[in-house]
Amino acid sequence: MSTAPSSPKSQERIGVYVCHCGSNIAGVVDVKDVAQWAGRELAEDGVVIARDYQFMCSNLGQELIEADIKEQGLTRVVVAACSPHLHEATFRTACQRAGLNPYLCEMVSIREQVSWVHTDRDLATAKAKALIAGGVERVAWHEPLEPLIVPINPTTLVVGGGIAGIQAALEIADSGYPVILVEREPSIGGHMAQFDKTFPTLDCAACILTPKMVAVGSHPNITLLTYSEVERVDGYVGSFLVTIRKKARYVNAETCTGCGLCIEKCPVRVVDEVFEAGLGYRKAVYRSFPQAVPKYPVIDTEHCTYFQRGKCKACQIFCPTQPKSINFEQKDEIIQVEVGNIILATGYELFDCRRIPQYGYGRLANVYTSLEFERLCNAAGPTGGEVVLRDGVTKPKTVGIIHCVGSRDSKYNSYCSVICCMQSLKFAHLVKERTGAEVYNFYIDMRTPFKDYDEFYQKVLAEGVHFVRGRVAEVTDAARHPGEEGKIIVQVEDTLIGRQRRIPVDMVILSAALEPRRDAQEVAHKFGIACSANGWFIEKHPKLDPVATMTEGIFIAGCAQGPKDIPATVAQGAAAAARVIGRIHQGHLALEPVRASVIAERCSGCRICNNLCPFNAISFREDLGVTEINPALCQGCGTCVAACPAGAITGTQFSNEQVFAQIEGLLMLDFSGAPRGAAVRMLEPALS
Amino acid sequence: MSTNGAKPKLAMYWAASCGGCEIATLNIGEHILTVDQVFDLAFFPCIADFKVSDVEGYPDGYIDLCLFNGAIRSSENEHMAHLLRRKSKILVAFGSCAYEGCIPALANLTSRQAVLRTVYLDNPSLDNPSGVLPQTTTPAPEGELTLPAFYHTVKTLDQVVDVDYYVPGCPPESHQIWAVLQTVVAALTEGAPLPPKGTILGAGQVAVCEECPLARHEKTIPRFYRPYEIVPKPGLCLLEQGLVCLGPATVCGCGALCPRVGMGCRGCYGPLPGVVDQGARILTALASVIDVTGKPGDNEEELARRVQDAVSTIPDPAGLFYYFSMAHSLLHRARVADNQ
Ligand SMILES: Cc1cc2nc3c(=O)[nH]c(=O)nc-3n(C[C@H](O)[C@H](O)[C@H](O)COP(=O)(O)OP(=O)(O)OC[C@H]3O[C@@H](n4cnc5c(N)ncnc54)[C@H](O)[C@@H]3O)c2cc1C
Ligand code: SF4
Ligand code: SF4
């Protein structure tokens with residue numbers, strides 16, 4: 001009944017390898033002493049060999065382990081080096097090459113957990129010994145494990161048809177594999193389709209985007225499901241079963257030629273809050289924009305006279321096709337598809353500028369959001385590309401552009417939205433070009449870090465745009481002297497000259513922050529991934545694995561992962577595609593066997609664990625009254641293992657025996673470095 | 001095991017316990033006649049007049065089966081544990097006190113001094129003007145009077161002597177006691193195999209939920225209630241209604257008696273096989289289902305406050321989660337000095 005497992009230790013032949021990591025570890029930890037100590041003091045725990053080496057991860061270091069496994073008959077290996085995140089795979093593979101099951105290797109982090117966080121050499125050395133003792137006690141309980149091999153369905157689901165999703169879909173489709181692209185709006189294109197010009201090259205957004213949209217629409221390998229949303233995801237990497245709702249368009253795609261006569265004849269005008277950002281109108285039967293892909297319109301039932309009042313049908317009457325392509329009886333359709341991998345490219349939303357009332361948006365007519373301004377500039381936009389005030393005719397003589405609206409502000413979003421400086425510079429240039437107005441850019445810091453970006457800044461500077469450094473306090477129409485009458489006044493502390501300034505302008509543009517989609521959390525949950533504190537999807541590793549997630553088979557790309565510009569978005573779309581294509585090529589995937597399972601005979605069906613799994617791996621079998629874990633979905637996080645009050649869930653590599661043995665080992669020495677005997681054991685003083 | 005056709009010898013002893021185990025044993029109904037037929041009583045202070053000196057006079061291993069109930073809380077308890085171990089072939093830690101420490105072991109949350117102070121000095125119903133406390137030796141005209149020493153820490157039986165089997169329960173259910181006796185009787189009289197040493201007898205392998213008729217669902221619990229605060233809806237899992245129930249962390253065998261009548265399981269049957277610390281198990285389980293679902297942008301302090309609010313609806317977590325298992329748990333006792 002004691003907590004200490006009766007260790008199988010003496011039967012194992014354990015090798016301990018202590019890495020110097022150059023001076024990374026050896027600079028703080030006496031690695032030679034540690035290795036000698038382990039060889040001596042842990043001999044009765046099964047250690048038959050203990051070495052230190054400059055770089056264990058080098059080929060020579062790995063060969064050392066391999067040779068010992070073969071020559072000394074090692075049955076377990078402990079490598080004390082950096083974090084397992086970095087080199088666990090390296091050393092496992094080395095063991096495997098020498099014929100030892102890779103899961104019989106344990107890594108002990110004496111760099112991240114010791115040398116990088118301590119300065120006292122003696123204490124650091126003692127801590128390294130304690131951690132190694134823990135590793136040695138633990139590894140004796142390791143079991144040989146085999147990876148779970150799952151086949152990969154070659155079809156990929158891409159969610160979100162912005163530039164990220166478009167790029168990903170095309171890359172995969174071009175390499176010969178099927179893609180299903182699901183887009184919530186009636187057309188693909190995302191935010192980029194709304195822009196006029198794109199920084200820093202000022203090429204026309206439509207000119208570079210529409211060819212890609214057309215390619216998606218006509219690609220034999222792409223099934224495009226617009227006006228659709230994913231309802232449910234079942235299964236796991238390699239074989240997801242996805243349930244999709246295709247919303248009723250009331251337009252029959254088989255017969256519609258996209259002539260647009262219905263749109264022309266529809267009598268209802270609706271303010272277009274989505275594509276035109278509220279600046280323009282559309283009809284009740286509409287296409288988001290002329291180059292929309294697919295070309296078929298949709299009927300907005302909320303505004304359609306027929307759906308609201310039971311008569312009209314103008315669109316159907318004028319539809320020239322036979323049979324008529326307008327079908328008021330169409331219903332939402334639920335379809336199910338099987339896919340092997342999923343790429344989430346759901347993008348961002350614009351910060352609601354009304355949340356900063358002192359900037360006047362929604363109250364002062366000539367305060368615009370950045371997206372409104374994009375539409376204003378756009379030749380296909382509501383003003384035909386004329387930059388004019390809300391009256392529709394007056395050209396502004398002075399324009400103020402405010403950076404960082406809702407970004408870098410602890411009240412709203414503390415992060416930097418990345419694109420606003422460049423986008424504000426783009427606006428400054430466009431205003432100058434279209435109106436010749438005086439332009440003031442109000443910035444906090446100018447951030448122009450990527451290729452050709454600072455050159456663009458220099459160009460805009462040379463165009464005579466004024467730059468005022470300081471956070472704008474207020475945008476108001478309350479004039480203080482005659483010169484301000486009829487103007488909007490931007491009140492700001494110019495921190496470069498250390499003075500309050502009031503700058504009267506005709507138009508103000510607010511460079512609003514990029515924010516996570518309001519349903520990002522919900523979508524993340526649906527696909528079994530997580531959001532950061534700010535609400536963006538979390539990548540597996542911020543540097544080394546930026547498009548994968550902690551859930552196997554789910555990838556992320558574009559602004560859904562965090563604010564970024566189009567080049568970075570496209571790069572991520574392509575990167576996610578490359579990851580998926582690699583998988584499809586392999587045909588199968590070996591999943592880490594470190595995962596949890598329910599011992600059915602011990603499960604009482606209390607259901608405590610049922611809603612805890614962040615990867616939706618847990619389900620309850622009503623028929624058997626017990627809980628089950630889907631091994632392919634489980635990522636071995638251990639949440640449920642800790643939660644099960646009955647101890648009915650075990651985690652491979654994290655069994656009670658392993659954890660308790662590790663604790664025993666850790667407590668083997670006190671921090672004066674004295675071995676055994678002097679140990680601090682919690683239970684003993686109380687028991688004796 | 002018995003020799004010369006003589007009946008096997010049965011003993012039942014109480015250390016720090018309430019006597020409920022004896023009552024439960026006698027409550028096996030007419031089976032008591034079988035017990036009488038099969039066994040000779042060797043020592044059973046609750047029902048027959050034996051003296052310790054009788055036991056001391058027995059040869060070692062004389063008693064075939066000793067049901068030892070009660071925790072080890074005094075030098076006398078410990079002495080008797082050693083004595084009965086020596087004299088018994090099969091020593092059973094019988095009932096929650098002997099197995100896990102039970103209510104007596106809640107004293108491990110405080111100190112010996114504090115217990116004595118409460119019992120002999122601070123209790124409002126006391127009349128002890130000179131503040132007399134029990135002493136191990138007291139000189140008297142007749143000679144020296146002695147009392148057993150009162151320990152600072154309550155222990156389980158297996159923390160002082162080697163134990164063969166465990167029977168959980170506070171008290172063990174009578175039908176389970178009878179089942180245990182049958183197992184032993186079969187071994188003693190018919191040569192049937194005994195279960196492996198260390199086995200927990202008279203209990204199931206699964207949690208109390210298995211025997212509980214209430215309907216269970218996924219759980220998210222915004223706050224907990226004490227039993228007097230709400231009337232539970234019938235038919236629905238008590239935990240889901242915010243009533244702390246240790247059923248999921250407690251081995252079955254009792255028939256889910258408490259939850260059946262709307263009272264959360266207190267955990268007297270102890271942890272499930274392989275679980276080291278029942279209190280820690282239910283603690284992590286409940287912590288996992290506290291409903292503090294946040295959303296991005298939620299202020300951390302606000303979340304922390306909600307967690308704290310939910311947690312503070314359990315006023316005595318140590319007492320509640322380690323109601324029966326304190327001595328046996330990883331905690332074992334609070335770090336309080338003897339004389340504090
Ligand atoms: C005003 C402004 C100007 C900009 N100008 C430039 C510029 O000049 N140059 C530049 O490099 N960058 C610019 N950017 C940044 C640029 O917009 C982004 O880098 C890019 O659009 C990100 O593309 P995306 O595909 O990740 O997201 P999005 O464009 O937001 O696309 C996401 C798509 O997913 C769809 N979707 C969302 N949720 C779901 C769901 N649950 N199911 C199905 N579909 C869904 C959406 O409808 C949308 O079509 C600008 C940004 C702003 C705000
Ligand atoms: S928590 Fe444990 S006992 Fe309860 S349902 Fe889950 S696996 Fe079964
Ligand atoms: S360990 Fe449990 S909670 Fe974690 S991924 Fe596996 S099943 Fe889900």
# chains A, B, ... in the order shown; residues from 1 in each chain; ligands from 1
$ residues_near_ligand --ligand "ligand 3" --cutoff "7 Å" --atoms "only C-alpha atoms and all ligand atoms" --output "ChimeraX atom specification"
/A:595-596,612-618,629,633-641,651
$ write_last_selection --atoms "all heavy atoms" --output "short mmCIF file (atom, residue, chain, number, x, y, z; two decimals), in the first residue's frame"
data_model
loop_
_atom_site.label_atom_id
_atom_site.label_comp_id
_atom_site.auth_asym_id
_atom_site.auth_seq_id
_atom_site.Cartn_x
_atom_site.Cartn_y
_atom_site.Cartn_z
N ARG A 595 -0.44 8.60 -25.56
CA ARG A 595 -1.83 9.02 -25.50
C ARG A 595 -2.58 8.30 -24.37
O ARG A 595 -2.05 7.39 -23.74
CB ARG A 595 -2.52 8.80 -26.84
CG ARG A 595 -2.34 7.40 -27.41
CD ARG A 595 -2.61 7.36 -28.89
NE ARG A 595 -1.58 8.10 -29.63
CZ ARG A 595 -1.79 9.18 -30.34
NH1 ARG A 595 -3.00 9.67 -30.46
NH2 ARG A 595 -0.82 9.80 -30.97
N ALA A 596 -3.79 8.74 -24.16
CA ALA A 596 -4.55 8.23 -23.03
C ALA A 596 -5.53 7.16 -23.48
O ALA A 596 -5.94 7.13 -24.62
CB ALA A 596 -5.31 9.38 -22.37
N LEU A 612 -14.03 17.46 -21.25
CA LEU A 612 -12.76 18.12 -20.93
C LEU A 612 -11.76 18.12 -22.07
O LEU A 612 -10.86 18.93 -22.10
CB LEU A 612 -12.10 17.44 -19.72
CG LEU A 612 -12.92 17.47 -18.43
CD1 LEU A 612 -12.13 16.78 -17.33
CD2 LEU A 612 -13.23 18.90 -18.03
N CYS A 613 -11.88 17.19 -22.99
CA CYS A 613 -10.80 17.02 -23.96
C CYS A 613 -10.73 18.20 -24.93
O CYS A 613 -11.69 18.48 -25.64
CB CYS A 613 -10.99 15.74 -24.75
SG CYS A 613 -9.68 15.53 -25.97
N PRO A 614 -9.59 18.88 -24.98
CA PRO A 614 -9.48 19.99 -25.93
C PRO A 614 -9.47 19.52 -27.38
O PRO A 614 -9.56 20.34 -28.29
CB PRO A 614 -8.15 20.66 -25.54
CG PRO A 614 -7.41 19.69 -24.69
CD PRO A 614 -8.41 18.72 -24.14
N PHE A 615 -9.33 18.23 -27.61
CA PHE A 615 -9.26 17.72 -28.97
C PHE A 615 -10.49 16.87 -29.32
O PHE A 615 -10.48 16.13 -30.29
CB PHE A 615 -7.98 16.91 -29.16
CG PHE A 615 -6.76 17.70 -28.76
CD1 PHE A 615 -6.18 17.53 -27.52
CD2 PHE A 615 -6.22 18.64 -29.62
CE1 PHE A 615 -5.07 18.27 -27.15
CE2 PHE A 615 -5.12 19.39 -29.26
CZ PHE A 615 -4.54 19.20 -28.02
N ASN A 616 -11.51 16.95 -28.50
CA ASN A 616 -12.75 16.21 -28.72
C ASN A 616 -12.52 14.70 -28.90
O ASN A 616 -13.19 14.06 -29.71
CB ASN A 616 -13.50 16.74 -29.95
CG ASN A 616 -13.90 18.19 -29.78
OD1 ASN A 616 -14.12 18.62 -28.64
ND2 ASN A 616 -13.98 18.93 -30.86
N ALA A 617 -11.54 14.18 -28.19
CA ALA A 617 -11.23 12.75 -28.37
C ALA A 617 -12.11 11.86 -27.51
O ALA A 617 -12.14 10.65 -27.70
CB ALA A 617 -9.76 12.50 -28.01
N ILE A 618 -12.84 12.46 -26.57
CA ILE A 618 -13.57 11.65 -25.60
C ILE A 618 -15.04 11.55 -25.99
O ILE A 618 -15.66 12.55 -26.34
CB ILE A 618 -13.46 12.28 -24.19
CG1 ILE A 618 -11.98 12.33 -23.78
CG2 ILE A 618 -14.28 11.53 -23.17
CD1 ILE A 618 -11.73 12.90 -22.42
N ILE A 629 -11.92 6.78 -25.49
CA ILE A 629 -11.04 7.80 -26.06
C ILE A 629 -10.63 7.34 -27.45
O ILE A 629 -10.20 6.19 -27.63
CB ILE A 629 -9.81 8.03 -25.18
CG1 ILE A 629 -10.23 8.68 -23.87
CG2 ILE A 629 -8.78 8.90 -25.90
CD1 ILE A 629 -9.12 8.84 -22.87
N LEU A 633 -7.42 10.76 -32.15
CA LEU A 633 -7.67 12.17 -31.84
C LEU A 633 -6.88 12.61 -30.61
O LEU A 633 -6.52 13.76 -30.47
CB LEU A 633 -9.16 12.38 -31.56
CG LEU A 633 -10.06 12.53 -32.78
CD1 LEU A 633 -11.51 12.65 -32.32
CD2 LEU A 633 -9.68 13.77 -33.55
N CYS A 634 -6.65 11.68 -29.70
CA CYS A 634 -5.97 12.03 -28.45
C CYS A 634 -4.57 12.50 -28.75
O CYS A 634 -3.84 11.89 -29.51
CB CYS A 634 -5.93 10.82 -27.53
SG CYS A 634 -4.89 11.06 -26.09
N GLN A 635 -4.20 13.63 -28.13
CA GLN A 635 -2.85 14.15 -28.32
C GLN A 635 -2.01 13.92 -27.06
O GLN A 635 -0.92 14.47 -26.93
CB GLN A 635 -2.90 15.65 -28.63
CG GLN A 635 -3.80 16.01 -29.80
CD GLN A 635 -3.23 15.55 -31.13
OE1 GLN A 635 -2.05 15.72 -31.38
NE2 GLN A 635 -4.06 14.96 -31.96
N GLY A 636 -2.56 13.16 -26.14
CA GLY A 636 -1.77 12.83 -24.94
C GLY A 636 -1.54 13.99 -24.01
O GLY A 636 -0.55 14.02 -23.29
N CYS A 637 -2.46 14.96 -23.99
CA CYS A 637 -2.23 16.15 -23.15
C CYS A 637 -2.34 15.81 -21.66
O CYS A 637 -1.77 16.49 -20.83
CB CYS A 637 -3.22 17.25 -23.49
SG CYS A 637 -4.90 16.92 -22.91
N GLY A 638 -3.11 14.78 -21.33
CA GLY A 638 -3.18 14.34 -19.94
C GLY A 638 -4.29 14.98 -19.13
O GLY A 638 -4.48 14.63 -17.97
N THR A 639 -5.05 15.89 -19.71
CA THR A 639 -6.12 16.56 -18.97
C THR A 639 -7.07 15.54 -18.33
O THR A 639 -7.37 15.60 -17.15
CB THR A 639 -6.93 17.48 -19.91
OG1 THR A 639 -6.02 18.37 -20.55
CG2 THR A 639 -7.99 18.26 -19.16
N CYS A 640 -7.50 14.58 -19.15
CA CYS A 640 -8.48 13.63 -18.64
C CYS A 640 -7.87 12.65 -17.65
O CYS A 640 -8.53 12.21 -16.72
CB CYS A 640 -9.13 12.88 -19.80
SG CYS A 640 -7.96 11.88 -20.75
N VAL A 641 -6.59 12.35 -17.86
CA VAL A 641 -5.91 11.42 -16.95
C VAL A 641 -5.95 12.00 -15.54
O VAL A 641 -6.22 11.31 -14.56
CB VAL A 641 -4.45 11.18 -17.40
CG1 VAL A 641 -3.77 10.18 -16.48
CG2 VAL A 641 -4.41 10.70 -18.84
N GLY A 651 -2.31 7.20 -19.08
CA GLY A 651 -1.61 7.83 -20.20
C GLY A 651 -0.29 7.10 -20.39
O GLY A 651 0.47 6.96 -19.44
#
$ residues_near_ligand --ligand "ligand 2" --cutoff "6 Å" --atoms "only C-alpha atoms and all ligand atoms" --output "PyMOL selection string"
chain A and resi 598+603-609+626-627+644-646+648-649
$ residues_near_ligand --ligand "ligand 1" --cutoff "6 Å" --atoms "only C-alpha atoms and all ligand atoms" --output "PyMOL selection string"
chain A and resi 159-165+182-185+188-192+197-199+229+345-348+370-371+419+423+558-560+564-567+569
$ closest_atom_pairs --of "chain B" --to "chain A" --cutoff "7 Å" --atoms "only C-alpha atoms" --output "CSV"
residue,atom,partner,partner_atom,distance
B:Gln205,CA,A:Arg602,CA,6.5
B:Val206,CA,A:Arg602,CA,5.0
B:Ala207,CA,A:Ser604,CA,5.4
B:Cys209,CA,A:Ser604,CA,5.6
B:Glu210,CA,A:Ser604,CA,4.8
B:Arg216,CA,A:Cys606,CA,6.6
B:His217,CA,A:Arg607,CA,6.2
B:Glu218,CA,A:Arg607,CA,5.6
B:Lys219,CA,A:Ile608,CA,6.1
B:Pro248,CA,A:Pro645,CA,5.7
B:Ala249,CA,A:Pro645,CA,4.5
B:Leu272,CA,A:Ala646,CA,5.8
B:Val275,CA,A:Gly647,CA,6.0
B:Val276,CA,A:Thr3,CA,6.5
B:Arg281,CA,A:Pro645,CA,4.7
B:Ile282,CA,A:Pro645,CA,5.2
B:Thr284,CA,A:Ala643,CA,5.4
B:Ala285,CA,A:Ala643,CA,4.2
B:Ser288,CA,A:Ala643,CA,6.0
B:Val289,CA,A:Ile608,CA,6.9
B:Pro296,CA,A:Gly535,CA,5.2
B:Gly297,CA,A:Asn534,CA,6.2
$ select_by_dssp --residues "segment 172-292 of chain A" --states "strand (DSSP E)" --output "VMD selection string"
chain A and resid 179 to 182 197 to 198 203 to 204 222 to 225 228 to 236 239 to 246 269 to 272 280 to 283 285 to 286
$ write_last_selection --atoms "N, CA, C and O atoms" --output "short mmCIF file (atom, residue, chain, number, x, y, z; two decimals), in the first residue's frame"
data_model
loop_
_atom_site.label_atom_id
_atom_site.label_comp_id
_atom_site.auth_asym_id
_atom_site.auth_seq_id
_atom_site.Cartn_x
_atom_site.Cartn_y
_atom_site.Cartn_z
N VAL A 179 -9.48 19.18 -53.50
CA VAL A 179 -9.68 20.15 -52.43
C VAL A 179 -11.15 20.51 -52.36
O VAL A 179 -11.81 20.64 -53.39
N ILE A 180 -11.65 20.65 -51.15
CA ILE A 180 -13.00 21.19 -50.97
C ILE A 180 -12.82 22.51 -50.26
O ILE A 180 -12.25 22.57 -49.17
N LEU A 181 -13.25 23.60 -50.91
CA LEU A 181 -13.07 24.93 -50.32
C LEU A 181 -14.43 25.43 -49.86
O LEU A 181 -15.36 25.58 -50.65
N VAL A 182 -14.52 25.69 -48.55
CA VAL A 182 -15.79 26.15 -47.98
C VAL A 182 -15.67 27.63 -47.62
O VAL A 182 -14.79 28.01 -46.86
N LYS A 197 -5.76 49.33 -54.23
CA LYS A 197 -4.34 49.06 -54.52
C LYS A 197 -3.74 48.35 -53.31
O LYS A 197 -4.24 48.49 -52.20
N THR A 198 -2.66 47.64 -53.55
CA THR A 198 -2.01 46.98 -52.42
C THR A 198 -0.59 47.51 -52.25
O THR A 198 0.12 47.73 -53.24
N ASP A 203 0.09 47.57 -56.82
CA ASP A 203 -0.63 46.91 -57.90
C ASP A 203 -2.08 46.75 -57.50
O ASP A 203 -2.43 46.68 -56.33
N CYS A 204 -2.90 46.72 -58.52
CA CYS A 204 -4.34 46.70 -58.29
C CYS A 204 -4.72 45.35 -57.71
O CYS A 204 -4.35 44.29 -58.22
N ILE A 222 -10.85 21.31 -57.59
CA ILE A 222 -11.42 22.06 -56.47
C ILE A 222 -12.94 22.02 -56.51
O ILE A 222 -13.56 22.36 -57.51
N THR A 223 -13.52 21.57 -55.41
CA THR A 223 -14.96 21.67 -55.24
C THR A 223 -15.21 22.92 -54.41
O THR A 223 -14.78 23.00 -53.26
N LEU A 224 -15.87 23.90 -55.00
CA LEU A 224 -16.06 25.16 -54.30
C LEU A 224 -17.45 25.20 -53.68
O LEU A 224 -18.45 25.06 -54.37
N LEU A 225 -17.50 25.34 -52.38
CA LEU A 225 -18.78 25.44 -51.69
C LEU A 225 -18.86 26.82 -51.04
O LEU A 225 -18.37 27.02 -49.94
N SER A 228 -21.53 28.64 -47.57
CA SER A 228 -21.60 27.37 -46.85
C SER A 228 -20.79 27.47 -45.56
O SER A 228 -19.86 28.28 -45.47
N GLU A 229 -21.14 26.63 -44.60
CA GLU A 229 -20.36 26.62 -43.37
C GLU A 229 -20.24 25.22 -42.81
O GLU A 229 -21.12 24.39 -42.99
N VAL A 230 -19.11 24.98 -42.15
CA VAL A 230 -18.90 23.68 -41.54
C VAL A 230 -19.73 23.61 -40.26
O VAL A 230 -19.66 24.50 -39.42
N GLU A 231 -20.52 22.56 -40.14
CA GLU A 231 -21.37 22.42 -38.96
C GLU A 231 -20.72 21.54 -37.91
O GLU A 231 -20.88 21.76 -36.72
N ARG A 232 -19.97 20.53 -38.38
CA ARG A 232 -19.52 19.51 -37.45
C ARG A 232 -18.30 18.81 -38.02
O ARG A 232 -18.20 18.62 -39.23
N VAL A 233 -17.39 18.44 -37.15
CA VAL A 233 -16.22 17.69 -37.60
C VAL A 233 -16.10 16.45 -36.73
O VAL A 233 -16.05 16.55 -35.51
N ASP A 234 -16.10 15.30 -37.37
CA ASP A 234 -15.89 14.05 -36.64
C ASP A 234 -14.63 13.40 -37.18
O ASP A 234 -14.11 13.80 -38.22
N GLY A 235 -14.17 12.40 -36.48
CA GLY A 235 -13.01 11.66 -36.97
C GLY A 235 -11.72 12.34 -36.59
O GLY A 235 -11.68 13.14 -35.66
N TYR A 236 -10.68 12.00 -37.31
CA TYR A 236 -9.35 12.43 -36.90
C TYR A 236 -8.46 12.50 -38.12
O TYR A 236 -8.89 12.17 -39.24
N SER A 239 -8.71 10.84 -41.66
CA SER A 239 -10.09 10.53 -42.03
C SER A 239 -11.08 11.32 -41.19
O SER A 239 -11.68 10.81 -40.28
N PHE A 240 -11.16 12.60 -41.53
CA PHE A 240 -12.18 13.45 -40.90
C PHE A 240 -13.48 13.28 -41.68
O PHE A 240 -13.47 13.12 -42.89
N LEU A 241 -14.58 13.32 -40.94
CA LEU A 241 -15.89 13.36 -41.59
C LEU A 241 -16.48 14.73 -41.26
O LEU A 241 -16.71 15.05 -40.10
N VAL A 242 -16.68 15.53 -42.31
CA VAL A 242 -17.07 16.92 -42.08
C VAL A 242 -18.49 17.14 -42.59
O VAL A 242 -18.82 16.78 -43.72
N THR A 243 -19.32 17.72 -41.73
CA THR A 243 -20.69 18.02 -42.12
C THR A 243 -20.78 19.51 -42.47
O THR A 243 -20.39 20.35 -41.67
N ILE A 244 -21.27 19.78 -43.67
CA ILE A 244 -21.29 21.16 -44.17
C ILE A 244 -22.71 21.57 -44.50
O ILE A 244 -23.46 20.80 -45.10
N ARG A 245 -23.06 22.80 -44.09
CA ARG A 245 -24.38 23.32 -44.46
C ARG A 245 -24.21 24.26 -45.67
O ARG A 245 -23.49 25.24 -45.60
N LYS A 246 -24.85 23.87 -46.77
CA LYS A 246 -24.88 24.74 -47.95
C LYS A 246 -26.15 25.55 -47.84
O LYS A 246 -27.24 25.01 -47.98
N ARG A 269 -33.29 47.97 -52.73
CA ARG A 269 -31.91 48.36 -52.49
C ARG A 269 -31.57 48.19 -51.02
O ARG A 269 -32.33 48.60 -50.16
N VAL A 270 -30.46 47.56 -50.75
CA VAL A 270 -30.07 47.28 -49.37
C VAL A 270 -28.67 47.85 -49.17
O VAL A 270 -27.83 47.73 -50.05
N VAL A 271 -28.44 48.45 -48.00
CA VAL A 271 -27.08 48.92 -47.71
C VAL A 271 -26.17 47.70 -47.57
O VAL A 271 -26.49 46.77 -46.84
N ASP A 272 -25.07 47.70 -48.32
CA ASP A 272 -24.17 46.55 -48.31
C ASP A 272 -23.14 46.71 -47.20
O ASP A 272 -22.15 47.42 -47.32
N GLY A 280 -22.02 51.51 -49.74
CA GLY A 280 -22.78 51.43 -50.98
C GLY A 280 -24.00 50.53 -50.83
O GLY A 280 -24.30 50.04 -49.74
N TYR A 281 -24.69 50.34 -51.93
CA TYR A 281 -25.91 49.53 -51.92
C TYR A 281 -25.73 48.27 -52.75
O TYR A 281 -24.86 48.20 -53.61
N ARG A 282 -26.56 47.30 -52.46
CA ARG A 282 -26.71 46.15 -53.33
C ARG A 282 -28.19 45.87 -53.44
O ARG A 282 -28.99 46.55 -52.80
N LYS A 283 -28.58 44.88 -54.25
CA LYS A 283 -29.99 44.52 -54.36
C LYS A 283 -30.28 43.37 -53.39
O LYS A 283 -29.38 42.82 -52.77
N VAL A 285 -31.44 40.52 -54.44
CA VAL A 285 -30.72 39.42 -55.09
C VAL A 285 -29.41 40.04 -55.55
O VAL A 285 -29.41 41.09 -56.20
N TYR A 286 -28.31 39.45 -55.13
CA TYR A 286 -27.05 40.15 -55.37
C TYR A 286 -25.88 39.21 -55.57
O TYR A 286 -25.93 38.02 -55.26
#
$ select_by_dssp --residues "segment 56-300 of chain A" --states "helix (DSSP H, G or I)" --output "VMD selection string"
chain A and resid 59 to 72 84 to 97 102 to 104 111 to 115 121 to 139 163 to 174 190 to 194 205 to 218 261 to 265
$ closest_residue --among "B:Gln182, B:Leu126, B:Pro139, B:Tyr99" --to "Ile200 of chain B" --atoms "only C-alpha atoms"
B:Tyr99
$ residues_around --residues "Lys197 of chain B" --least-positions-apart "5" --cutoff "9 Å" --atoms "only C-alpha atoms" --output "PyMOL selection string"
chain B and resi 163-165
$ atom_distance --atom1 "atom CA of Glu474 of chain A" --atom2 "atom CA of Gly486 of chain A"
16.3 Å
$ residues_around --residues "segment 92-98 of chain B" --least-positions-apart "3" --cutoff "8 Å" --atoms "only C-alpha atoms" --output "PyMOL selection string"
chain B and resi 16-17+21+65-72+101-105+156-158+163-172+268-270+324-325
$ residues_around --residues "segment 581-585 of chain A" --least-positions-apart "5" --cutoff "7 Å" --atoms "only C-alpha atoms" --output "VMD selection string"
chain A and resid 152 154 172
$ residues_around --residues "Glu76 of chain B" --least-positions-apart "6" --cutoff "12 Å" --atoms "only C-alpha atoms" --output "list in words"
Trp14, Ala15, Ala16, Val52, Gly70, His82, Leu83, Leu84, Thr136, Thr146, Leu147, Pro148, Ala149, Phe150 and Tyr151 of chain B
$ closest_residue --among "A:Gly15, A:Pro482, A:Pro267, A:Gly400" --to "Ala140 of chain A" --atoms "only C-alpha atoms"
A:Gly15
$ residues_around --residues "Arg249 of chain A" --least-positions-apart "2" --cutoff "8 Å" --atoms "only C-alpha atoms" --output "ChimeraX atom specification"
/A:227,247,251-252,297-299,330
